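The file structure.pdb contains PDB, C-alpha atoms and all ligand atoms:
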ATOM      1  CA  MET A1081     -14.207   5.674 -12.062
ATOM      2  CA  ILE A1082     -13.114   2.166 -12.828
ATOM      3  CA  GLN A1083     -16.024  -0.202 -12.641
ATOM      4  CA  TRP A1084     -15.578  -3.559 -10.994
ATOM      5  CA  PHE A1085     -18.136  -6.017 -12.205
ATOM      6  CA  PRO A1086     -19.311  -9.013 -10.179
ATOM      7  CA  GLY A1087     -17.887 -11.338 -12.866
ATOM      8  CA  HIS A1088     -14.385  -9.921 -12.487
ATOM      9  CA  MET A1089     -14.669 -10.045  -8.738
ATOM     10  CA  ALA A1090     -15.671 -13.704  -8.763
ATOM     11  CA  LYS A1091     -12.861 -14.642 -11.169
ATOM     12  CA  ALA A1092     -10.180 -12.789  -9.210
ATOM     13  CA  LYS A1093     -11.443 -14.349  -5.992
ATOM     14  CA  LYS A1094     -11.343 -17.853  -7.450
ATOM     15  CA  GLU A1095      -7.823 -17.409  -8.811
ATOM     16  CA  MET A1096      -6.667 -16.113  -5.465
ATOM     17  CA  GLU A1097      -8.273 -19.030  -3.628
ATOM     18  CA  GLU A1098      -6.458 -21.523  -5.863
ATOM     19  CA  LYS A1099      -3.116 -19.903  -5.099
ATOM     20  CA  LEU A1100      -3.907 -19.720  -1.406
ATOM     21  CA  ARG A1101      -3.781 -23.489  -1.076
ATOM     22  CA  LEU A1102      -0.104 -23.387  -2.014
ATOM     23  CA  VAL A1103       1.108 -20.940   0.585
ATOM     24  CA  ASP A1104       1.606 -20.827   4.356
ATOM     25  CA  ILE A1105       1.075 -17.111   4.751
ATOM     26  CA  VAL A1106      -0.303 -14.119   2.896
ATOM     27  CA  TYR A1107       1.299 -10.692   2.993
ATOM     28  CA  GLU A1108      -1.475  -8.144   2.655
ATOM     29  CA  LEU A1109       0.080  -4.896   1.477
ATOM     30  CA  LEU A1110      -1.675  -1.684   2.435
ATOM     31  CA  ASP A1111      -0.476   1.842   1.699
ATOM     32  CA  ALA A1112       0.292   3.354   5.122
ATOM     33  CA  ARG A1113      -1.196   6.681   3.989
ATOM     34  CA  ILE A1114      -4.530   5.033   3.164
ATOM     35  CA  PRO A1115      -4.822   1.720   5.063
ATOM     36  CA  TYR A1116      -8.603   1.785   4.773
ATOM     37  CA  SER A1117      -8.898   2.898   1.152
ATOM     38  CA  SER A1118      -6.233   0.472  -0.080
ATOM     39  CA  LYS A1119      -7.823  -2.512   1.622
ATOM     40  CA  ASN A1120      -9.862  -4.900  -0.479
ATOM     41  CA  PRO A1121     -13.270  -5.265   1.158
ATOM     42  CA  MET A1122     -13.444  -8.974   0.264
ATOM     43  CA  ILE A1123     -10.075  -9.870   1.708
ATOM     44  CA  ASN A1124     -11.382 -11.424   4.941
ATOM     45  CA  ASP A1125     -13.799 -13.477   2.922
ATOM     46  CA  ILE A1126     -11.041 -14.625   0.571
ATOM     47  CA  LEU A1127      -8.362 -15.335   3.156
ATOM     48  CA  LYS A1128     -10.625 -16.811   5.852
ATOM     49  CA  ASN A1129      -8.289 -18.269   8.470
ATOM     50  CA  LYS A1130      -5.146 -18.199   6.343
ATOM     51  CA  PRO A1131      -2.259 -16.802   8.405
ATOM     52  CA  ARG A1132      -1.779 -13.201   7.370
ATOM     53  CA  LEU A1133       0.675 -10.394   7.957
ATOM     54  CA  ILE A1134      -0.410  -6.873   7.051
ATOM     55  CA  LEU A1135       2.473  -4.801   5.689
ATOM     56  CA  LEU A1136       1.954  -1.044   5.775
ATOM     57  CA  THR A1137       4.024   0.089   2.804
ATOM     58  CA  LYS A1138       5.468   3.524   2.119
ATOM     59  CA  SER A1139       5.481   4.189   5.855
ATOM     60  CA  ASP A1140       8.211   6.750   5.179
ATOM     61  CA  MET A1141       5.524   8.877   3.483
ATOM     62  CA  ALA A1142       2.844   8.452   6.148
ATOM     63  CA  ASP A1143       2.306  10.183   9.467
ATOM     64  CA  ASN A1144       3.809   7.979  12.185
ATOM     65  CA  ASN A1145       1.143   8.903  14.728
ATOM     66  CA  TYR A1146      -1.540   7.475  12.485
ATOM     67  CA  THR A1147       0.536   4.508  11.407
ATOM     68  CA  ASN A1148       0.857   3.575  15.083
ATOM     69  CA  LYS A1149      -2.891   4.031  15.536
ATOM     70  CA  TRP A1150      -3.615   1.821  12.545
ATOM     71  CA  GLN A1151      -1.314  -0.854  13.928
ATOM     72  CA  ARG A1152      -3.157  -0.778  17.253
ATOM     73  CA  TYR A1153      -6.431  -1.026  15.344
ATOM     74  CA  PHE A1154      -5.237  -4.139  13.489
ATOM     75  CA  THR A1155      -3.884  -5.660  16.698
ATOM     76  CA  ALA A1156      -7.300  -5.170  18.301
ATOM     77  CA  GLN A1157      -8.762  -7.159  15.398
ATOM     78  CA  GLY A1158      -6.322  -9.983  16.068
ATOM     79  CA  LEU A1159      -4.250  -9.187  12.981
ATOM     80  CA  TYR A1160      -0.463  -8.951  12.787
ATOM     81  CA  SER A1161       0.981  -5.878  11.139
ATOM     82  CA  LEU A1162       4.320  -4.287  10.411
ATOM     83  CA  MET A1163       5.149  -0.882   8.962
ATOM     84  CA  ILE A1164       7.756  -1.029   6.229
ATOM     85  CA  ASP A1165       9.717   1.142   3.847
ATOM     86  CA  SER A1166      10.920  -0.914   0.922
ATOM     87  CA  ILE A1167      13.255   1.834  -0.277
ATOM     88  CA  SER A1168      15.347   2.242   2.888
ATOM     89  CA  GLY A1169      14.688  -1.326   4.033
ATOM     90  CA  LEU A1170      12.958  -0.427   7.302
ATOM     91  CA  ASN A1171      11.604  -3.594   8.998
ATOM     92  CA  ILE A1172      12.186  -5.735   5.917
ATOM     93  CA  LYS A1173      14.184  -8.310   7.890
ATOM     94  CA  LYS A1174      11.456  -8.445  10.509
ATOM     95  CA  ILE A1175       9.019  -9.773   7.917
ATOM     96  CA  ILE A1176      10.733 -13.154   8.011
ATOM     97  CA  SER A1177      11.174 -13.371  11.782
ATOM     98  CA  LEU A1178       7.574 -12.347  12.411
ATOM     99  CA  SER A1179       6.359 -14.851   9.810
ATOM    100  CA  GLN A1180       8.315 -17.574  11.595
ATOM    101  CA  ASP A1181       6.610 -16.614  14.863
ATOM    102  CA  ILE A1182       3.170 -16.634  13.240
ATOM    103  CA  LEU A1183       3.787 -20.052  11.673
ATOM    104  CA  GLN A1184       5.661 -21.587  14.596
ATOM    105  CA  ASP A1185       2.958 -24.135  15.461
ATOM    106  CA  LYS A1186       2.587 -25.337  11.892
ATOM    107  CA  PHE A1187       6.339 -25.778  11.439
ATOM    108  CA  ASN A1188       6.738 -27.462  14.827
ATOM    109  CA  LYS A1189       4.041 -29.962  13.854
ATOM    110  CA  GLU A1190       5.825 -30.722  10.592
ATOM    111  CA  LYS A1191       9.039 -31.277  12.541
ATOM    112  CA  THR A1192       7.427 -33.753  14.942
ATOM    113  CA  ARG A1193       6.014 -35.604  11.946
ATOM    114  CA  GLY A1194       9.605 -35.972  10.739
ATOM    115  CA  LEU A1195       9.356 -33.563   7.808
ATOM    116  CA  LYS A1196      12.503 -31.751   6.709
ATOM    117  CA  PRO A1197      12.857 -28.053   7.499
ATOM    118  CA  ARG A1198      11.739 -25.940   4.551
ATOM    119  CA  PRO A1199      11.362 -22.279   3.665
ATOM    120  CA  ILE A1200       8.122 -20.504   4.426
ATOM    121  CA  ARG A1201       5.940 -20.167   1.358
ATOM    122  CA  GLY A1202       4.254 -16.819   1.028
ATOM    123  CA  MET A1203       2.223 -14.761  -1.340
ATOM    124  CA  ILE A1204       1.985 -11.018  -1.716
ATOM    125  CA  VAL A1205      -1.371  -9.401  -2.399
ATOM    126  CA  GLY A1206      -2.335  -5.782  -2.805
ATOM    127  CA  ILE A1207      -3.832  -3.131  -5.021
ATOM    128  CA  PRO A1208      -1.941  -1.651  -7.992
ATOM    129  CA  ASN A1209       0.989   0.594  -7.066
ATOM    130  CA  VAL A1210       1.004  -0.332  -3.378
ATOM    131  CA  GLY A1211       4.630  -1.486  -3.617
ATOM    132  CA  LYS A1212       4.469  -5.230  -4.342
ATOM    133  CA  SER A1213       7.376  -5.355  -6.817
ATOM    134  CA  THR A1214       9.545  -2.993  -4.792
ATOM    135  CA  LEU A1215       9.121  -5.180  -1.710
ATOM    136  CA  ILE A1216       9.982  -8.363  -3.613
ATOM    137  CA  ASN A1217      13.135  -6.732  -4.978
ATOM    138  CA  LYS A1218      14.125  -5.585  -1.513
ATOM    139  CA  LEU A1219      13.507  -9.027  -0.034
ATOM    140  CA  VAL A1220      15.662 -10.761  -2.610
ATOM    141  CA  ASN A1221      18.992 -11.723  -1.242
ATOM    142  CA  LYS A1222      20.982 -11.589  -4.473
ATOM    143  CA  LYS A1223      23.433 -14.368  -3.577
ATOM    144  CA  ALA A1224      20.704 -16.812  -2.680
ATOM    145  CA  THR A1225      18.291 -15.889  -5.456
ATOM    146  CA  ASN A1226      17.143 -18.798  -7.425
ATOM    147  CA  VAL A1227      14.087 -18.972  -9.619
ATOM    148  CA  GLY A1228      12.773 -22.420 -10.250
ATOM    149  CA  ASN A1229       9.796 -24.604 -10.873
ATOM    150  CA  LYS A1230       8.121 -26.639  -8.220
ATOM    151  CA  PRO A1231       5.022 -28.691  -8.706
ATOM    152  CA  GLY A1232       1.988 -27.018  -7.282
ATOM    153  CA  VAL A1233      -1.287 -28.668  -6.468
ATOM    154  CA  THR A1234      -2.839 -28.536  -9.889
ATOM    155  CA  LYS A1235      -0.121 -27.116 -12.140
ATOM    156  CA  ALA A1236       3.530 -26.171 -11.950
ATOM    157  CA  GLN A1237       3.841 -22.913 -10.103
ATOM    158  CA  GLN A1238       6.793 -20.653 -10.305
ATOM    159  CA  TRP A1239       8.398 -19.919  -6.963
ATOM    160  CA  VAL A1240      10.978 -17.297  -6.233
ATOM    161  CA  ARG A1241      13.358 -18.342  -3.515
ATOM    162  CA  LEU A1242      14.294 -15.148  -1.735
ATOM    163  CA  ASN A1243      16.628 -16.769   0.750
ATOM    164  CA  LYS A1244      16.848 -19.960   2.767
ATOM    165  CA  ASP A1245      13.868 -18.938   4.897
ATOM    166  CA  LEU A1246      11.323 -17.633   2.424
ATOM    167  CA  GLU A1247       9.936 -18.326  -1.018
ATOM    168  CA  LEU A1248       7.186 -16.419  -2.744
ATOM    169  CA  LEU A1249       4.770 -17.244  -5.512
ATOM    170  CA  ASP A1250       6.208 -15.381  -8.456
ATOM    171  CA  THR A1251       3.110 -13.404  -9.343
ATOM    172  CA  PRO A1252       1.684 -11.194  -6.655
ATOM    173  CA  GLY A1253      -2.083 -11.149  -6.412
ATOM    174  CA  VAL A1254      -3.523  -7.877  -7.584
ATOM    175  CA  LEU A1255      -6.610  -6.925  -5.693
ATOM    176  CA  TRP A1256      -9.072  -4.230  -6.443
ATOM    177  CA  PRO A1257      -9.894  -1.600  -3.858
ATOM    178  CA  LYS A1258     -13.469  -0.642  -3.139
ATOM    179  CA  PHE A1259     -15.134   2.105  -5.034
ATOM    180  CA  GLU A1260     -18.641   2.576  -3.672
ATOM    181  CA  ASP A1261     -17.304   5.147  -1.262
ATOM    182  CA  GLN A1262     -16.424   8.393  -3.036
ATOM    183  CA  LYS A1263     -13.830   9.308  -0.428
ATOM    184  CA  VAL A1264     -12.005   6.042  -1.070
ATOM    185  CA  GLY A1265     -11.810   6.847  -4.778
ATOM    186  CA  ILE A1266     -10.440  10.304  -4.016
ATOM    187  CA  HIS A1267      -7.795   8.955  -1.636
ATOM    188  CA  LEU A1268      -6.706   6.351  -4.191
ATOM    189  CA  ALA A1269      -6.453   9.009  -6.890
ATOM    190  CA  ILE A1270      -4.524  11.460  -4.690
ATOM    191  CA  THR A1271      -1.940   8.817  -3.780
ATOM    192  CA  GLY A1272      -1.685   7.747  -7.421
ATOM    193  CA  ALA A1273      -3.102   4.235  -7.009
ATOM    194  CA  ILE A1274      -5.759   4.755  -9.666
ATOM    195  CA  ARG A1275      -6.318   7.179 -12.450
ATOM    196  CA  ASP A1276      -9.676   8.670 -11.861
ATOM    197  CA  GLU A1277     -11.646   9.511 -14.959
ATOM    198  CA  ILE A1278     -14.388  11.522 -13.321
ATOM    199  CA  LEU A1279     -12.520  13.701 -10.896
ATOM    200  CA  THR A1280     -10.275  16.410 -12.329
ATOM    201  CA  SER A1281      -6.985  17.364 -10.775
ATOM    202  CA  SER A1282      -8.743  20.498  -9.556
ATOM    203  CA  ASP A1283     -11.268  18.383  -7.662
ATOM    204  CA  LEU A1284      -8.464  16.362  -6.092
ATOM    205  CA  GLY A1285      -6.330  19.415  -5.350
ATOM    206  CA  TYR A1286      -9.160  21.183  -3.550
ATOM    207  CA  TYR A1287     -10.152  18.146  -1.604
ATOM    208  CA  LEU A1288      -6.512  17.896  -0.540
ATOM    209  CA  LEU A1289      -6.371  21.585   0.376
ATOM    210  CA  ASP A1290      -9.449  21.302   2.605
ATOM    211  CA  PHE A1291      -8.108  18.116   4.169
ATOM    212  CA  LEU A1292      -4.732  19.699   4.867
ATOM    213  CA  LYS A1293      -6.307  22.835   6.338
ATOM    214  CA  ALA A1294      -8.337  20.697   8.707
ATOM    215  CA  ASN A1295      -5.631  18.205   9.649
ATOM    216  CA  TYR A1296      -2.180  19.437   8.647
ATOM    217  CA  GLU A1297      -2.472  23.222   8.688
ATOM    218  CA  LYS A1298       1.109  23.668   9.856
ATOM    219  CA  ASN A1299       2.397  21.780   6.821
ATOM    220  CA  ILE A1300       0.761  24.093   4.274
ATOM    221  CA  ILE A1301       1.596  27.238   6.202
ATOM    222  CA  GLU A1302       5.252  26.212   6.264
ATOM    223  CA  ARG A1303       5.413  24.939   2.717
ATOM    224  CA  TYR A1304       3.841  27.991   1.096
ATOM    225  CA  ASN A1305       4.911  30.612   3.603
ATOM    226  CA  LEU A1306       1.323  31.568   4.290
ATOM    227  CA  PRO A1307       0.933  34.475   6.704
ATOM    228  CA  SER A1308      -1.756  32.609   8.680
ATOM    229  CA  ALA A1309      -4.909  30.617   8.104
ATOM    230  CA  LEU A1310      -6.468  32.119   5.002
ATOM    231  CA  PRO A1311      -9.588  31.420   2.952
ATOM    232  CA  ASN A1312      -8.994  29.068   0.018
ATOM    233  CA  SER A1313      -9.163  31.833  -2.582
ATOM    234  CA  GLU A1314      -6.329  33.660  -0.821
ATOM    235  CA  ILE A1315      -4.282  30.512  -0.430
ATOM    236  CA  LEU A1316      -4.681  29.910  -4.155
ATOM    237  CA  LYS A1317      -3.389  33.339  -5.018
ATOM    238  CA  HIS A1318      -0.536  32.979  -2.591
ATOM    239  CA  ILE A1319       0.608  29.658  -4.016
ATOM    240  CA  ALA A1320       0.180  30.938  -7.573
ATOM    241  CA  VAL A1321       2.360  33.978  -6.901
ATOM    242  CA  SER A1322       5.023  31.923  -5.109
ATOM    243  CA  ARG A1323       5.136  29.519  -8.070
ATOM    244  CA  GLY A1324       5.223  32.227 -10.702
ATOM    245  CA  ILE A1325       1.829  31.184 -12.084
ATOM    246  CA  SER A1326       0.382  34.216 -13.861
ATOM    247  CA  ASP A1327      -3.295  35.159 -13.692
ATOM    248  CA  LYS A1328      -3.471  34.591 -17.459
ATOM    249  CA  GLU A1329      -3.138  30.869 -16.792
ATOM    250  CA  ASP A1330      -5.780  28.561 -15.383
ATOM    251  CA  ILE A1331      -4.779  29.238 -11.801
ATOM    252  CA  GLU A1332      -7.169  26.763 -10.210
ATOM    253  CA  GLU A1333      -5.831  23.838 -12.201
ATOM    254  CA  LYS A1334      -2.170  24.840 -11.941
ATOM    255  CA  VAL A1335      -2.330  25.290  -8.185
ATOM    256  CA  ALA A1336      -4.158  21.988  -7.771
ATOM    257  CA  ASP A1337      -1.294  20.321  -9.660
ATOM    258  CA  VAL A1338       1.225  22.025  -7.383
ATOM    259  CA  LEU A1339      -0.621  20.674  -4.334
ATOM    260  CA  LEU A1340      -0.840  17.140  -5.717
ATOM    261  CA  ASN A1341       2.795  17.079  -6.798
ATOM    262  CA  ASP A1342       3.940  18.462  -3.458
ATOM    263  CA  PHE A1343       1.898  15.823  -1.622
ATOM    264  CA  ARG A1344       3.209  12.950  -3.762
ATOM    265  CA  SER A1345       6.828  14.068  -3.498
ATOM    266  CA  LEU A1346       6.734  14.554   0.284
ATOM    267  CA  ARG A1347       7.310  18.286  -0.008
ATOM    268  CA  LEU A1348       4.238  18.780   2.176
ATOM    269  CA  GLY A1349       5.665  16.384   4.737
ATOM    270  CA  ARG A1350       4.471  12.997   5.881
ATOM    271  CA  ILE A1351       0.705  12.852   5.618
ATOM    272  CA  THR A1352      -1.896  10.162   6.262
ATOM    273  CA  LEU A1353      -5.231  10.568   4.469
ATOM    274  CA  ASP A1354      -7.182   7.766   6.148
ATOM    275  CA  ILE A1355      -7.322   9.037   9.692
ATOM    276  CA  LEU A1356      -8.991   7.310  12.595
TER     277      LEU A1356
HETATM  278  N1  LIG A1401       8.672   6.044  -0.519
HETATM  279  C1  LIG A1401       8.374   4.778  -0.825
HETATM  280  N2  LIG A1401       8.034   4.459  -2.085
HETATM  281  C2  LIG A1401       7.733   3.170  -2.364
HETATM  282  C3  LIG A1401       7.757   2.155  -1.371
HETATM  283  N3  LIG A1401       7.398   0.990  -1.947
HETATM  284  C4  LIG A1401       7.161   1.268  -3.249
HETATM  285  N4  LIG A1401       7.350   2.580  -3.509
HETATM  286  C5  LIG A1401       7.158   3.274  -4.805
HETATM  287  O1  LIG A1401       5.807   3.094  -5.201
HETATM  288  C6  LIG A1401       5.709   2.950  -6.628
HETATM  289  C7  LIG A1401       4.978   1.657  -6.976
HETATM  290  O2  LIG A1401       5.740   0.552  -6.536
HETATM  291  P1  LIG A1401       5.624  -0.914  -7.205
HETATM  292  O3  LIG A1401       6.510  -1.800  -6.404
HETATM  293  O4  LIG A1401       5.862  -0.831  -8.656
HETATM  294  O5  LIG A1401       4.101  -1.251  -6.933
HETATM  295  P2  LIG A1401       3.295  -2.582  -7.378
HETATM  296  O6  LIG A1401       2.387  -2.903  -6.254
HETATM  297  O7  LIG A1401       4.245  -3.632  -7.831
HETATM  298  O8  LIG A1401       2.450  -1.996  -8.596
HETATM  299  P3  LIG A1401       1.745  -2.831  -9.801
HETATM  300  O9  LIG A1401       2.747  -3.829 -10.327
HETATM  301  O10 LIG A1401       1.382  -1.761 -10.778
HETATM  302  O11 LIG A1401       0.523  -3.486  -9.235
HETATM  303  C8  LIG A1401       7.141   3.002  -7.134
HETATM  304  O12 LIG A1401       7.390   4.322  -7.567
HETATM  305  C9  LIG A1401       7.981   2.670  -5.913
HETATM  306  O13 LIG A1401       9.257   3.250  -5.960
HETATM  307  C10 LIG A1401       8.122   2.537  -0.024
HETATM  308  O14 LIG A1401       8.155   1.734   0.919
HETATM  309  N5  LIG A1401       8.422   3.853   0.173
HETATM  310 MG    MG A1402       4.377  -4.726  -9.662
END

How does this structure look as structure tokens?
Amino acid sequence: MIQWFPGHMAKAKKEMEEKLRLVDIVYELLDARIPYSSKNPMINDILKNKPRLILLTKSDMADNNYTNKWQRYFTAQGLYSLMIDSISGLNIKKIISLSQDILQDKFNKEKTRGLKPRPIRGMIVGIPNVGKSTLINKLVNKKATNVGNKPGVTKAQQWVRLNKDLELLDTPGVLWPKFEDQKVGIHLAITGAIRDEILTSSDLGYYLLDFLKANYEKNIIERYNLPSALPNSEILKHIAVSRGISDKEDIEEKVADVLLNDFRSLRLGRITLDIL
């Protein structure tokens, strides 16, 4: 597994804190399939009271029941959240209107002090592969796009003006997930957020199989035409036969790859791994 040394952590935190001073709001991107595993454990410490909007990305791949539960969980913690799909554009427009609501007091105060109306300044943070670039591309209103320099606090920072209401710091903050918890590492590897160097695809495939049997049995029965709930060894054989994998091949590894590919390409349906 990737090791995250205290030195790196401190440096990343400091860089993030410097950028934070420049923005009104932080968009914390979490993968809707793994909202717990994709969350940086130091984020509360880093953001403190900075206005924040949690964006649950790839919600089109996650199980809506759990996405709703996660949203209620965040609401109970006093955090704003929105589920999005940056491919279809689901809820993308709402990001701006909700940000305006969150920042209403701050902008009203600026108005009473006679300051000119200005776009909201935001920053996107999230772990690798969570969908930062895809979201930025979706947010960009081509006609209004304008990349320019504006003086920051200490040095010139590049801002991307997405439209008249929102500009973003040009480089999203990449955060590291937490690794102490083995399950977190497995969930990150299954969703493709990290390449795990210790766990083999067989390990991941069998973890996934057990998880699916316990939580999404209907999905595997339908996908692989299984007669009924079977022991793993039988399921393996069944999938191998249906995929034309011969017993001369390394069945365990091949079937694990089938499971992982089917999960990642939605062929097993919409599945959430971090369940609560
Ligand atoms: N289905 C679906 N796929 C998405 C969504 N957002 C991003 N993706 C896909 O997820 C993958 C990673 O997206 P990126 O936008 O490159 O992620 P990133 O956070 O910029 O990744 P890094 O730059 O490596 O840190 C790509 O294959 C995207 O097409 C989404 O809302 N739904
Ligand atoms: Mg990117």

Would you list the contacts of Lys1186 in chain A as a PyMOL selection string, taking every protein, DNA or RNA residue within 12 Å and counting only C-alpha atoms, but skipping same-chain residues closer than 2 positions in sequence?
chain A and resi 1104-1105+1130-1131+1179-1184+1188-1193+1195+1197-1198+1200

Would you mind exporting the chosen residues as a short mmCIF file (atom, residue, chain, number, x, y, z; two decimals), in the frame of the given file, restricted to C-alpha atoms?
data_model
loop_
_atom_site.label_atom_id
_atom_site.label_comp_id
_atom_site.auth_asym_id
_atom_site.auth_seq_id
_atom_site.Cartn_x
_atom_site.Cartn_y
_atom_site.Cartn_z
CA ASP A 1104 1.61 -20.83 4.36
CA ILE A 1105 1.08 -17.11 4.75
CA LYS A 1130 -5.15 -18.20 6.34
CA PRO A 1131 -2.26 -16.80 8.40
CA SER A 1179 6.36 -14.85 9.81
CA GLN A 1180 8.32 -17.57 11.60
CA ASP A 1181 6.61 -16.61 14.86
CA ILE A 1182 3.17 -16.63 13.24
CA LEU A 1183 3.79 -20.05 11.67
CA GLN A 1184 5.66 -21.59 14.60
CA ASN A 1188 6.74 -27.46 14.83
CA LYS A 1189 4.04 -29.96 13.85
CA GLU A 1190 5.82 -30.72 10.59
CA LYS A 1191 9.04 -31.28 12.54
CA THR A 1192 7.43 -33.75 14.94
CA ARG A 1193 6.01 -35.60 11.95
CA LEU A 1195 9.36 -33.56 7.81
CA PRO A 1197 12.86 -28.05 7.50
CA ARG A 1198 11.74 -25.94 4.55
CA ILE A 1200 8.12 -20.50 4.43
#

When the PyMOL selection byres (((not hetatm)) within 7 of (chain A and resi 1402)) is applied to the file above, which residues end up in the set, as an MDAnalysis selection string?
chainID A and resid 1209 1211:1213

To verify the selection step, state as a PyMOL selection string which residues the PyMOL selection byres (((chain A and resi 1100) around 12) and not hetatm) yields on this input.
chain A and resi 1093-1099+1101-1107+1126-1132+1201-1205+1232-1233+1248-1249+1252-1253

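The interatomic distance for the pair CA of Arg1113 in chain A and CA of Ala1309 in chain A works out to 24.6 Å.
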
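When only C-alpha atoms and all ligand atoms are used to compute distances to ligand LIG 1401 (chain A), the closest of the residues A:Ser1282, A:Ser1326, A:Glu1260, A:Ser1345 turns out to be A:Ser1345.
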
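Taking atom P3 of ligand LIG 1401 (chain A) and CA of Val1210 in chain A as endpoints, the distance between them is 6.9 Å.
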
Kindly provide, as a VMD selection string, all nucleotide and amino acid residues lying within 9 Å of ligand LIG 1401 (chain A), counting all atoms listed in the file.
chain A and resid 1109 1111 1136 to 1141 1163 to 1170 1205 to 1217 1252 to 1255 1272 to 1273 1345 to 1346

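Taking CA of Glu1247 in chain A and CA of Pro1199 in chain A as the two end points, the separation is 6.3 Å.
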
List the residues selected by the PyMOL selection byres (((chain A and resi 1274) around 12) and not hetatm) in the file shown, writing them as number ranges by chain.
A: 1081-1083, 1117-1118, 1207-1210, 1256-1259, 1264-1273, 1275-1279

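Distance annotation: of A:Ser1322, A:Asp1245, A:Ala1090, A:Leu1339, the residue with the minimal separation from Ser1177 in chain A is A:Asp1245; atom set is all atoms listed in the file.
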
Neighbouring residues of Arg1350 in chain A were defined as those with any atom within 12 Å, considering all atoms listed in the file; residues of the same chain fewer than 5 positions away were excluded. Please report them as a PyMOL selection string.
chain A and resi 1112-1113+1138-1147+1292+1295-1296+1298-1300+1342-1345

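Using only C-alpha atoms, the shortest contact distance between Leu1159 in chain A and any of A:Glu1314, A:Glu1297, A:Glu1108, A:Asp1330 is found at A:Glu1108.
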
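Applying the 8 Å criterion to (6.6, 24.7, -1.2) in file coordinates and using only C-alpha atoms, one obtains the residues Glu1302, Arg1303, Tyr1304, Asn1305, Asp1342, Arg1347 and Leu1348 of chain A.
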